[in-house]
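So the structure is just underneath, and the comments pick up after that.
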Amino acid sequence: MSEPSMSPTVLPGQERYVDTAHEEIAAIDSVDDSAPPTSMWRDAWQSLRKNPLFIVSAVLIVLILVVALFPDLFTHEDPKYCVLTNAQTGPGPGHWFGFDQQGCDVFARVIHGARASVTVGVVTTLIVMLLGGVIGAFAGFYGGWLDAVLARITDIFFAVPLVLGAIVLLNTFKTSETVWKVILALALFGWTQQARITRGAVLEARNSEFITASTALGASGRYNLLRHALPNALAPIIVNATVSLGTFIVAEATLSYLGIGLPPSIVSWGGDISSAQVLLRVRPQVLFFPAGALAVTVLSFILLGDAVREALDPTSRKR
Amino acid sequence: MSEDLRRSTPTQDQQPGGRRAVPEPLVEVRNLDVDFRTGGGSVHAVRGANLTIYPGQSVAIVGESGSGKSTTAHAIIGLLPGSGRVTGGSITFGGRELVGLRRRELERLRGSEIGLVPQDPMSNLNPVWRIGFQVKEALTANHLDVTREQRQRLEDGLVAESSPRDDDELFLGSASKPALLTDIRGALEDSGVSGTSLDEQMKRWDETLDVGSVTRSEVRRRLLAAKISGAEQIALGHVTGSTVNDRVAGLLTEAGLPDSARRARQYPHEFSGGMRQRALIAIGLAGRPKLLIADEITSALDVTVQRRILDHLEGLTRQLGTTVLLITHDLGLAAERAEHLVVMYKGRVVESGPALDILQHPEHPYTKRLVASAPSLVSQRIQSTKHAAVRTGTPASGVGAPGVGAAQGTAELADHRPLIEVSHLTRRFDIRGSKEPLLAVDDVSFEVRRGTTLALVGESGSGKSTVANMVLRLLEPTKGSILFDGRDALALRKAELLHFRRRVQPVFQNPYGSLDPQYSIYRALVEPMRIHHVGNRASREKRARELLDMVQLPASTLRRYPNELSGGQRQRIAIARALALDPEVIVCDEAVSALDVLVQSQILTLLNDLQAEFGLTYLFITHDLAVVRQIADEVVVMQHGRIVEHSSTDEVFAHPQQAYTRELIEAIPGGSLHIGGAGAPTEPSGTAS
Amino acid sequence: MGRYIGRRVLQAIPVLLGSTLLIYALVFALPGDPVTAMFGDRPVNPVVANQIRAEYNLDKPFIVQYLLFLKGVFTLNFGNTFSGQPVVNIIATAFPVTIRLAIMAFIIEAVFGILIGTISGLRRGSWFDSVSLVLSLALIAVPTFVFGFVLQFLLGVKLHWLPPTAGASPTFQSLLLPALVLASVSLAYVIRLTRTSVSSNLSADHVRTARAKGLTERRVIGVHVLRNSLIPVVTFLGGDLGALMGGAVVTERIFNVNGIGNALYQAILRGEGTTVVSIVTLLVLIFIISNLVVDLLYAVLDPRIRYV
């Protein structure tokens with residue numbers, strides 16, 4: 001084999017062949033100018049735009065946000081104006097979903113309940129992104145003893161399951177009447193996941209050659225963290241934030257169901273579901289509407305997170 | 001194992017060159033089309049490919065990444081990934097059509113008729129199973145795990161057919177080896193051998209009689225050859241078959257893994273890349289396939305390991321009479337290892353024929369290009385194509401005439417005084433769980449003279465990249481000193497270090513990793529200027545365009561992102577970025593290793609031109625001596641953290657002083673080939689874009 | 001392997017101390033006097049209040065209180081409830097019920113989660129995959145307690161297939177429904193995780209090598225795809241055993257199961273800090289230990305970890 005025989009008897013099918021039909025060959029490594037330039041985010045946006053799951057979930061989320069911000073656009077009924085004589089009346093004109101056992105308009109309560117759930121979800125997520133993001137980024141980027149200490153602190157908070165930790169904290173602040181205690185409780189025990197994800201993503205970016213290259217160019221550590229590592233860690237951070245937003249909304253409802261979440265003075269889906277429980281046997285729709293609204297909201301955020309994850313997945317990108 | 005397959009297998013005397021009747025081809029690929037479905041439609045990976053392989057031959061498909069060479073191979077074994085489908089043409093194996101074969105039938109064919117040794121040894125072994133288990137599976141899948149008697153009974157039950165290789169299937173077992181050795185010793189003692197001579201002979205017998213690998217007839221043959229009395233009886237009495245585990249160990253030994261019985265109990269992560277590749281070869285050959293597809297099996301390995309594995313595979317397949325289909329990007333390697341070549345380009349077969357014929361008289365423009373730029377075949381330093389270009393007046397890089405004139409001036413003025421002086425550089429790493437620290441770099445001293453290229457050559461683990469990182473001031477040395485332009489580079493204060501970084505720039509290996517995927521090319525190119533506060537917005541943009549021009553990329557590239565560019569283009573961007581601040585030294589850490597041959601040659605030419613133009617000094621880190629010959633003035637060969645040889649490039653190639661250097665040179669694939677009359681290709685290869 | 005286990009165990013100790021301290025601090029060190037809160041709307045009797053403070057060590061510095069509490073945890077002396085019943089007795093009666101519930105839920109999520117997830121992952125894009133995807137999303141999106149109400153109403157009240165509540169001495173049958181509800185969210189996560197893991201492993205290089213050996217498809221899937229895919233799933237499942245016990249608070253309340261969750265809920269209603277902190281500490285301990293077991297399990301499943 002190392003001395004191939006140059007015998008003239010070349011076997012059939014192995015004769016010398018040169019492709020003459022396709023002579024033209026491209027210049028070595030020429031730039032493909034056929035497609036417009038696309039950044040990672042623009043690329044992701046292009047694929048998102050064509051994803052029906054993204055369109056549906058984004059439209060729903062916009063709708064939910066509008067409802068939460070301007071509930072009066074959708075109903076003129078006062079959710080707290082309850083007349084006991086109306087209690088358990090079925091749906092009628094102007095009161096599409098009927099009344100609950102207190103005689104409150106169910107539709108109005110579903111509309112007005114959006115604000116509490118969305119506020120808890122969005123604000124908790126923002127706090128968690130900031131807190132977990134900063135801790136994770138520092139741990140991942142600087143490593144060493146700082147990473148070890150931050151990792152143990154993260155472990156400590158991670159060891160207390162979200163709802164359990166929130167129960168303990170809220171039990172202490174039982175008398176407070178604000179949304180903030182719920183947000184605080186959820187954020188305090190909900191940031192660990194975000195910290196872990198940020199740490200991993202920043203660590204991966206930190207070990208990449210472009211950061212080494214940037215250092216060799218003369219960039220400082222802070223510059224590398226802010227200009228290279230964090231922007232590159234953003235994709236998983238955003239995806240996790242979107243999905244966990246839904247989890248926080250569910251957790252808030254669960255706490256309200258246990259009677260230690262939002263105070264009854266705040267109209268919320270969780271509270272309404274809890275109070276509708278007794279009516280389940282006679283009038284299930286009183287449970288159905290707030291529960292449905294909650295589920296659709298949570299589902300929208302999860303689907304959005306899934307769609308964004310798929311769009312930003314590096315393995316699905318070209319080349 | 002169907003009968004028609006067996007019938008078509010010719011015997012040895014029907015080899016090419018024989019005067020007997022024309023043999024039947026083992027593999028015939030006719031007008032093969034393979035498509036991959038993607039989101040936006042389908043990609044034609046292979047178009048109308050033709051390929052003929054005869055039994056016992058060694059055939060190579062050569063091409064760069066994306067040429068369709070691996071796809072063609074995967075189509076033959078029916079393992080196209082993901083959405084890949086054969087959309088036209090036919091593949092016959094021993095006269096039997098493979099396209100459209102049912103999964104069951106393909107499964108029966110794989111392993112026992114067609115074997116595969118895949119490309120990347122790191123990802124191709126299952127990390128959770130022991131090596132031995134994974135080899136054993138290949139035996140069980142092809143029903144080679146049962147003892148001879150059982151198989152005999154099975155065969156008797158099916159067809160009363162006696163295979164001529166029956167005796168060959170009886171292997172030496174680990175249980176009977178001691179008794180065999182005792183008998184041999186007895187026979188030797190009877191024939192008057194004693195003392196150290198006896199011990200030495202016994203040691204040799206112990207080492208060469210591999211459990212699970214040598215057969216009864218082999219033992220008998222060897223004993224007879226050694227004139228051992230009673231050879232027949234000894235072989236018949238003690239070679240009575242092996243267990244599956246013996247056979248697994250035997251296969252691993254055959255693939256070149258020493259201490260295989262112990263190795264079989266280890267997991268893949270305990271193996272080095274070369275060892276994993278050997279395990280994969282053992283798996284590929286376990287079913288004794290008629291055809292073995294070897295898909296870029298050595299491209300991930302060090303050159304010396306590469307050579308040893310290829311030599312071993314060649315010997316083994318020849319011994320077993322296995323037909324080999326090599327898939328490679330390396331023309332030199334292909335020409336050296338195969339008798340018939342198929343060159344693929346963009347999914348088409350552009351040229352095929354006898355290997356040496358193609359190498360000596362390439363006809364298709366693409367093949368010509370490949371031959372001209374194959375690093376293993378180019379035997380000289382790229383001689384300033386820049387000067388040639390100037391003489392003929394062709395604007396090679398688009399740089400205006402005044403610039404070229406000035407560059408020539410600086411090149412002539414280059415004083416060749418040392419710019420970087422490294423002395424007694426040492427770096428230790430503490431390894432977790434080990435008391436002994438790793439001495440990655442051990443007392444390394446060399447000088448890089450201004451305007452020249454010094455290549456630091458070594459295999460993985462030689463410490464060459466560690467040296468590069470210390471010279472770049474990305475890693476602190478444990479001991480030793482680095483002088484840059486006469487000043488102590490290790491004692492630089494913060495502002496001085498920033499200035500140092502401006503003068504010494506890196507280009508790293510991985511073209512996919514060294515550019516921030518979120519930065520546009522424009523942002524990547526102006527980043528050094530931003531960090532060093534050089535110029536304003538307008539002048540930075542102007543500079544960015546100049547830089548693109550220097551690396552021969554169109555200005556439209558500025559708005560693009562790294563993921564839209566090929567590996568070679570990214571590497572050119574990385575070079576442009578390194579040039580942004582007019583540095584004096586560029587440290588290239590394996591800067592061309594990850595690139596296709598043609599692109600690699602293009603980049604080397606570019607680097608060479610830039611050196612001539614700007615009087616740059618290069619510290620060039622590489623594992624590939626073939627590349628060194630094209631770019632370097634001086635060579636430092638490193639092994640295990642130490643310098644083993646240091647002299648001029650010509651000297652190293654002409655008169656290598658150390659055995660290790662010689663081994664490295666010999667390992668260059670295609671190095672042994674002599675292209676009659678053609679000599680070193682003179683055609684400049686960097687005339688692209 | 002020994003080093004790995006040793007390091008994991010050592011790492012768990014500060015986490016254990018830290019998280020119990022965290023909980024203790026949340027209950028006893030935050031502004032607001034738990035003793036005053038205990039009296040509710042009634043006027044505070046200083047003598048009684050001081051007595052209570054002495055009994056619960058509240059008159060001592062915080063860190064001493066914590067250390068005494070920690071000592072109590074290790075000697076199984078959690079103190080008494082306000083009604084004088086030892087907390088340890090409450091735990092002793094409630095705990096076995098919750099363990100039974102959690103184990104049943106665990107089996108449900110492991111068996112059905114892996115089964116459904118595997119089939120989905122192997123047949124991506126099929127109708128089965130679509131249905132299981134929708135189902136798992138619904139389980140995540142609908143809060144457990146809503147799912148609980150609905151199942152209780154449909155299966156328990158309307159169809160009488162299963163007892164709607166568990167009551168004082170729960171049988172296997174009466175725990176089936178609560179276990180299903182408790183498992184629901186984790187079940188969805190196991191399905192999603194298994195599906196992703198299986199389908200990404202299907203295209204792994206080493207799976208192609210396995211096929212190239214000539215292995216049958218069944219063996220390729222069983223020995224190479226599933227074995228590797230299960231590593232992250234088993235890790236999730238192990239950590240979830242602890243989380244299930246925490247999730248029991250909601251489920252036990254819906255189905256009136258007299259387990260640890262219900263005991264915790266009652267304690268919250270009555271404002272018994274000692275009981276709350278004891279039960280939560282216990283649950284956190286279980287959580288930490290189950291995560292430790294997962295780490296060790298991980299080392300068994302993935303040989304690459306053992307030598308790190």
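Letters for chains follow the order of the structure tokens (A, B, ...), residue numbers begin at 1 for each chain, and ligand numbers begin at 1 in the order shown.
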
Based on only C-alpha atoms, which of the residues in chain C come within 7 Å of chain B? I want them as a list in words.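 Taken together, these residues fit the definition: Asp205, His206, Thr209, Ala212, Lys213, Gly214, Leu215, Thr216, Asp302, Pro303 and Arg304 of chain C.
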
For Tyr519 in chain B, please output as a list in words all residues within 9 Å (counting only C-alpha atoms; exclusion window: fewer than 3 positions along the same chain). Ser39 and His228 of chain A; Leu515, Asp516, Tyr522, Arg523, Ala524, Arg560, Tyr561 and Pro562 of chain B

Generate the output file for the selected residues, C-alpha atoms, as a CSV table (one decimal), in the first residue's frame.
chain,number,residue,atom,x,y,z
A,39,SER,CA,-26.2,39.2,14.6
A,228,HIS,CA,-17.8,40.1,26.8
B,515,LEU,CA,-13.9,36.2,18.2
B,516,ASP,CA,-16.8,37.2,20.4
B,522,TYR,CA,-16.4,46.2,12.8
B,523,ARG,CA,-16.6,46.1,16.6
B,524,ALA,CA,-14.1,43.3,16.8
B,560,ARG,CA,-21.1,40.8,9.4
B,561,TYR,CA,-20.9,38.6,12.5
B,562,PRO,CA,-18.4,35.8,13.1

Residues within 9 Å of range 279-290 of chain C, please, as a PyMOL selection string. Count only C-alpha atoms; anything in the same chain fewer than 3 positions from it doesn't count. (chain A and resi 159-161+164-165+168) or (chain C and resi 12+15-16+19-20+23-24+73+87+91+238-243+245-246+260-261+263-264+274-276+293-295)

Give me a file of those residues, with C-alpha atoms, as a JSON list (two decimals), in the first residue's frame.
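out_1.json, freshly written:
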[["chain", "number", "residue", "atom", "x", "y", "z"],
["A", 159, "ALA", "CA", -31.55, 23.99, 50.48],
["A", 160, "VAL", "CA", -34.76, 25.71, 51.51],
["A", 161, "PRO", "CA", -37.47, 24.89, 48.94],
["A", 164, "LEU", "CA", -41.33, 26.32, 52.39],
["A", 165, "GLY", "CA", -38.98, 29.27, 52.77],
["A", 168, "VAL", "CA", -41.57, 30.72, 57.11],
["C", 12, "ALA", "CA", -22.84, 19.62, 53.08],
["C", 15, "VAL", "CA", -24.86, 24.23, 54.09],
["C", 16, "LEU", "CA", -26.67, 22.36, 56.82],
["C", 19, "SER", "CA", -29.75, 26.85, 56.17],
["C", 20, "THR", "CA", -30.94, 25.93, 59.66],
["C", 23, "ILE", "CA", -34.67, 29.50, 59.03],
["C", 24, "TYR", "CA", -34.16, 30.04, 62.72],
["C", 73, "VAL", "CA", -32.53, 19.05, 66.78],
["C", 87, "VAL", "CA", -43.24, 18.87, 68.98],
["C", 91, "ILE", "CA", -43.57, 14.88, 64.04],
["C", 238, "GLY", "CA", -33.15, 12.20, 43.72],
["C", 239, "GLY", "CA", -33.25, 15.87, 44.54],
["C", 240, "ASP", "CA", -37.00, 15.87, 44.12],
["C", 241, "LEU", "CA", -37.65, 13.40, 46.92],
["C", 242, "GLY", "CA", -36.84, 16.17, 49.39],
["C", 243, "ALA", "CA", -38.87, 18.72, 47.45],
["C", 245, "MET", "CA", -42.02, 16.45, 51.22],
["C", 246, "GLY", "CA", -42.04, 20.23, 51.13],
["C", 260, "ILE", "CA", -46.11, 16.73, 58.25],
["C", 261, "GLY", "CA", -47.35, 19.33, 55.78],
["C", 263, "ALA", "CA", -48.99, 19.84, 60.84],
["C", 264, "LEU", "CA", -46.90, 22.69, 59.48],
["C", 274, "THR", "CA", -41.21, 26.53, 67.50],
["C", 275, "THR", "CA", -43.24, 23.97, 65.61],
["C", 276, "VAL", "CA", -42.82, 25.77, 62.29],
["C", 293, "VAL", "CA", -27.35, 11.11, 48.01],
["C", 294, "VAL", "CA", -27.94, 12.41, 44.50],
["C", 295, "ASP", "CA", -24.35, 13.61, 44.28]]

Each residue of chain B with at least one atom at most 6 Å from chain A should appear once, together with its nearest atom pair and the corresponding distance in Å (one decimal); atoms considered: only C-alpha atoms; ordering: chain, then increasing residue number; output as a Markdown table.
| residue | atom | partner | partner_atom | distance |
| --- | --- | --- | --- | --- |
| B:Gly17 | CA | A:Ser7 | CA | 5.7 |
| B:Thr52 | CA | A:Gly13 | CA | 5.6 |
| B:Glu336 | CA | A:Ser2 | CA | 5.6 |
| B:Arg337 | CA | A:Ser2 | CA | 5.7 |
| B:Glu339 | CA | A:Pro4 | CA | 5.1 |
| B:Val350 | CA | A:Asp19 | CA | 4.7 |
| B:Glu351 | CA | A:Val18 | CA | 4.4 |
| B:Ser352 | CA | A:Tyr17 | CA | 5.1 |
| B:Gly353 | CA | A:Arg16 | CA | 4.2 |
| B:Leu498 | CA | A:Gly218 | CA | 5.5 |
| B:Arg501 | CA | A:Gly218 | CA | 5.7 |
| B:Gly513 | CA | A:Glu209 | CA | 5.2 |
| B:Ser514 | CA | A:Phe210 | CA | 4.0 |
| B:Leu515 | CA | A:Phe210 | CA | 5.1 |
| B:Asp516 | CA | A:Phe210 | CA | 5.5 |
| B:Pro528 | CA | A:Leu217 | CA | 6.0 |
| B:Arg560 | CA | A:Pro37 | CA | 4.7 |
| B:Tyr561 | CA | A:Ser39 | CA | 5.8 |
| B:Ala688 | CA | A:Ala27 | CA | 5.0 |
| B:Ser689 | CA | A:Ser30 | CA | 5.4 |

Report the closest atom pair, with its distance in Å rounded to one decimal, for each residue of chain A that has an atom no farther than 10 Å from chain C; count only C-alpha atoms, sort by chain and then rising residue number, and write it as JSON lines.
{"residue": "A:Ala151", "atom": "CA", "partner": "C:Val15", "partner_atom": "CA", "distance": 9.9}
{"residue": "A:Arg152", "atom": "CA", "partner": "C:Val15", "partner_atom": "CA", "distance": 6.4}
{"residue": "A:Ile153", "atom": "CA", "partner": "C:Val15", "partner_atom": "CA", "distance": 7.6}
{"residue": "A:Thr154", "atom": "CA", "partner": "C:Val15", "partner_atom": "CA", "distance": 9.0}
{"residue": "A:Asp155", "atom": "CA", "partner": "C:Val15", "partner_atom": "CA", "distance": 6.1}
{"residue": "A:Ile156", "atom": "CA", "partner": "C:Val15", "partner_atom": "CA", "distance": 4.8}
{"residue": "A:Phe157", "atom": "CA", "partner": "C:Ser19", "partner_atom": "CA", "distance": 6.5}
{"residue": "A:Phe158", "atom": "CA", "partner": "C:Ser19", "partner_atom": "CA", "distance": 8.7}
{"residue": "A:Ala159", "atom": "CA", "partner": "C:Ile288", "partner_atom": "CA", "distance": 6.0}
{"residue": "A:Val160", "atom": "CA", "partner": "C:Val284", "partner_atom": "CA", "distance": 5.7}
{"residue": "A:Pro161", "atom": "CA", "partner": "C:Ala243", "partner_atom": "CA", "distance": 6.5}
{"residue": "A:Leu162", "atom": "CA", "partner": "C:Gly246", "partner_atom": "CA", "distance": 9.0}
{"residue": "A:Val163", "atom": "CA", "partner": "C:Gly247", "partner_atom": "CA", "distance": 7.6}
{"residue": "A:Leu164", "atom": "CA", "partner": "C:Gly246", "partner_atom": "CA", "distance": 6.3}
{"residue": "A:Gly165", "atom": "CA", "partner": "C:Ile23", "partner_atom": "CA", "distance": 7.6}
{"residue": "A:Ile167", "atom": "CA", "partner": "C:Ile268", "partner_atom": "CA", "distance": 8.2}
{"residue": "A:Val168", "atom": "CA", "partner": "C:Val27", "partner_atom": "CA", "distance": 6.7}
{"residue": "A:Leu169", "atom": "CA", "partner": "C:Leu26", "partner_atom": "CA", "distance": 6.0}
{"residue": "A:Leu170", "atom": "CA", "partner": "C:Leu26", "partner_atom": "CA", "distance": 9.4}
{"residue": "A:Asn171", "atom": "CA", "partner": "C:Ile268", "partner_atom": "CA", "distance": 6.4}
{"residue": "A:Thr172", "atom": "CA", "partner": "C:Val27", "partner_atom": "CA", "distance": 6.1}
{"residue": "A:Phe173", "atom": "CA", "partner": "C:Gly32", "partner_atom": "CA", "distance": 8.5}
{"residue": "A:Lys174", "atom": "CA", "partner": "C:Gly271", "partner_atom": "CA", "distance": 9.2}
{"residue": "A:Thr175", "atom": "CA", "partner": "C:Ala37", "partner_atom": "CA", "distance": 9.8}
{"residue": "A:Gly246", "atom": "CA", "partner": "C:Ala141", "partner_atom": "CA", "distance": 7.5}
{"residue": "A:Thr247", "atom": "CA", "partner": "C:Ala141", "partner_atom": "CA", "distance": 8.1}
{"residue": "A:Ile249", "atom": "CA", "partner": "C:Pro143", "partner_atom": "CA", "distance": 9.2}
{"residue": "A:Val250", "atom": "CA", "partner": "C:Pro143", "partner_atom": "CA", "distance": 5.7}
{"residue": "A:Ala251", "atom": "CA", "partner": "C:Pro143", "partner_atom": "CA", "distance": 8.1}
{"residue": "A:Glu252", "atom": "CA", "partner": "C:Pro143", "partner_atom": "CA", "distance": 9.9}
{"residue": "A:Ala253", "atom": "CA", "partner": "C:Pro143", "partner_atom": "CA", "distance": 7.5}
{"residue": "A:Thr254", "atom": "CA", "partner": "C:Pro143", "partner_atom": "CA", "distance": 7.1}
{"residue": "A:Leu255", "atom": "CA", "partner": "C:Val250", "partner_atom": "CA", "distance": 9.1}
{"residue": "A:Tyr257", "atom": "CA", "partner": "C:Phe145", "partner_atom": "CA", "distance": 8.0}
{"residue": "A:Leu258", "atom": "CA", "partner": "C:Val250", "partner_atom": "CA", "distance": 7.3}
{"residue": "A:Gly259", "atom": "CA", "partner": "C:Leu269", "partner_atom": "CA", "distance": 8.8}
{"residue": "A:Ile260", "atom": "CA", "partner": "C:Ile268", "partner_atom": "CA", "distance": 8.7}
{"residue": "A:Gly270", "atom": "CA", "partner": "C:Pro143", "partner_atom": "CA", "distance": 9.2}
{"residue": "A:Ile273", "atom": "CA", "partner": "C:Val146", "partner_atom": "CA", "distance": 7.5}
{"residue": "A:Ser274", "atom": "CA", "partner": "C:Phe145", "partner_atom": "CA", "distance": 8.6}
{"residue": "A:Gln277", "atom": "CA", "partner": "C:Phe149", "partner_atom": "CA", "distance": 7.1}
{"residue": "A:Val278", "atom": "CA", "partner": "C:Phe149", "partner_atom": "CA", "distance": 9.7}
{"residue": "A:Leu280", "atom": "CA", "partner": "C:Phe153", "partner_atom": "CA", "distance": 7.5}
{"residue": "A:Arg281", "atom": "CA", "partner": "C:Phe153", "partner_atom": "CA", "distance": 7.0}
{"residue": "A:Pro284", "atom": "CA", "partner": "C:Val150", "partner_atom": "CA", "distance": 9.1}
{"residue": "A:Leu287", "atom": "CA", "partner": "C:Val146", "partner_atom": "CA", "distance": 8.3}
{"residue": "A:Phe288", "atom": "CA", "partner": "C:Val146", "partner_atom": "CA", "distance": 9.0}
{"residue": "A:Ala291", "atom": "CA", "partner": "C:Val146", "partner_atom": "CA", "distance": 6.9}
{"residue": "A:Gly292", "atom": "CA", "partner": "C:Val142", "partner_atom": "CA", "distance": 7.9}
{"residue": "A:Ala293", "atom": "CA", "partner": "C:Val142", "partner_atom": "CA", "distance": 9.7}
{"residue": "A:Leu294", "atom": "CA", "partner": "C:Val142", "partner_atom": "CA", "distance": 7.3}
{"residue": "A:Ala295", "atom": "CA", "partner": "C:Ala141", "partner_atom": "CA", "distance": 4.8}
{"residue": "A:Val296", "atom": "CA", "partner": "C:Ala141", "partner_atom": "CA", "distance": 7.3}
{"residue": "A:Thr297", "atom": "CA", "partner": "C:Ala141", "partner_atom": "CA", "distance": 8.0}
{"residue": "A:Val298", "atom": "CA", "partner": "C:Ala141", "partner_atom": "CA", "distance": 5.2}
{"residue": "A:Leu299", "atom": "CA", "partner": "C:Ala141", "partner_atom": "CA", "distance": 5.2}
{"residue": "A:Ser300", "atom": "CA", "partner": "C:Ala141", "partner_atom": "CA", "distance": 8.9}
{"residue": "A:Phe301", "atom": "CA", "partner": "C:Ala141", "partner_atom": "CA", "distance": 9.4}
{"residue": "A:Ile302", "atom": "CA", "partner": "C:Leu137", "partner_atom": "CA", "distance": 8.0}
{"residue": "A:Leu303", "atom": "CA", "partner": "C:Leu137", "partner_atom": "CA", "distance": 8.5}

Could you pull the residues within 8 Å of Asn240 in chain A, counting only C-alpha atoms, minus those fewer than 6 positions along the same chain, as an MDAnalysis selection string? chainID A and resid 194 197 305

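Note that CA of Ser58 in chain B and CA of Leu26 in chain B are 11.6 Å apart.
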
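Atom to atom, CA of Pro79 in chain A and CA of Leu63 in chain A stand 19.6 Å apart.
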
For Phe70 in chain A, please output as a ChimeraX atom specification all residues within 9 Å (counting only C-alpha atoms; exclusion window: fewer than 4 positions along the same chain). /A:65-66,74,112,115

At a cut-off of 9 Å, using only C-alpha atoms, what residues contact Leu610 in chain B? Leave out same-chain residues fewer than 5 positions from it and give the result as a list in words.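 With the cut-off at 9 Å, the set is Lys386, Met550, Val551, Thr605, Gly615 and Leu616 of chain B.
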
If you run DSSP on the backbone here, which positions in range 235-278 of chain A get alpha helix (DSSP H)? Please write them as a ChimeraX atom specification. /A:235-257,269-276

Kindly indicate which residue among B:Val46, B:Leu316, B:Leu558, B:Val303 lies nearest to Leu664 in chain B, using only C-alpha atoms for the distances.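 When distances to Leu664 in chain B are compared using only C-alpha atoms, the smallest one comes from B:Val303.
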
So which residues touch Ile111 in chain A within 6 Å, counting only C-alpha atoms, skipping near sequence neighbours fewer than 3 positions away, as a ChimeraX atom specification? /A:71,108,114

What is the distance, in Å and to one decimal place, between CA of Glu314 in chain B and CA of Ala594 in chain B?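 Distance between the two atoms: 25.8 Å.
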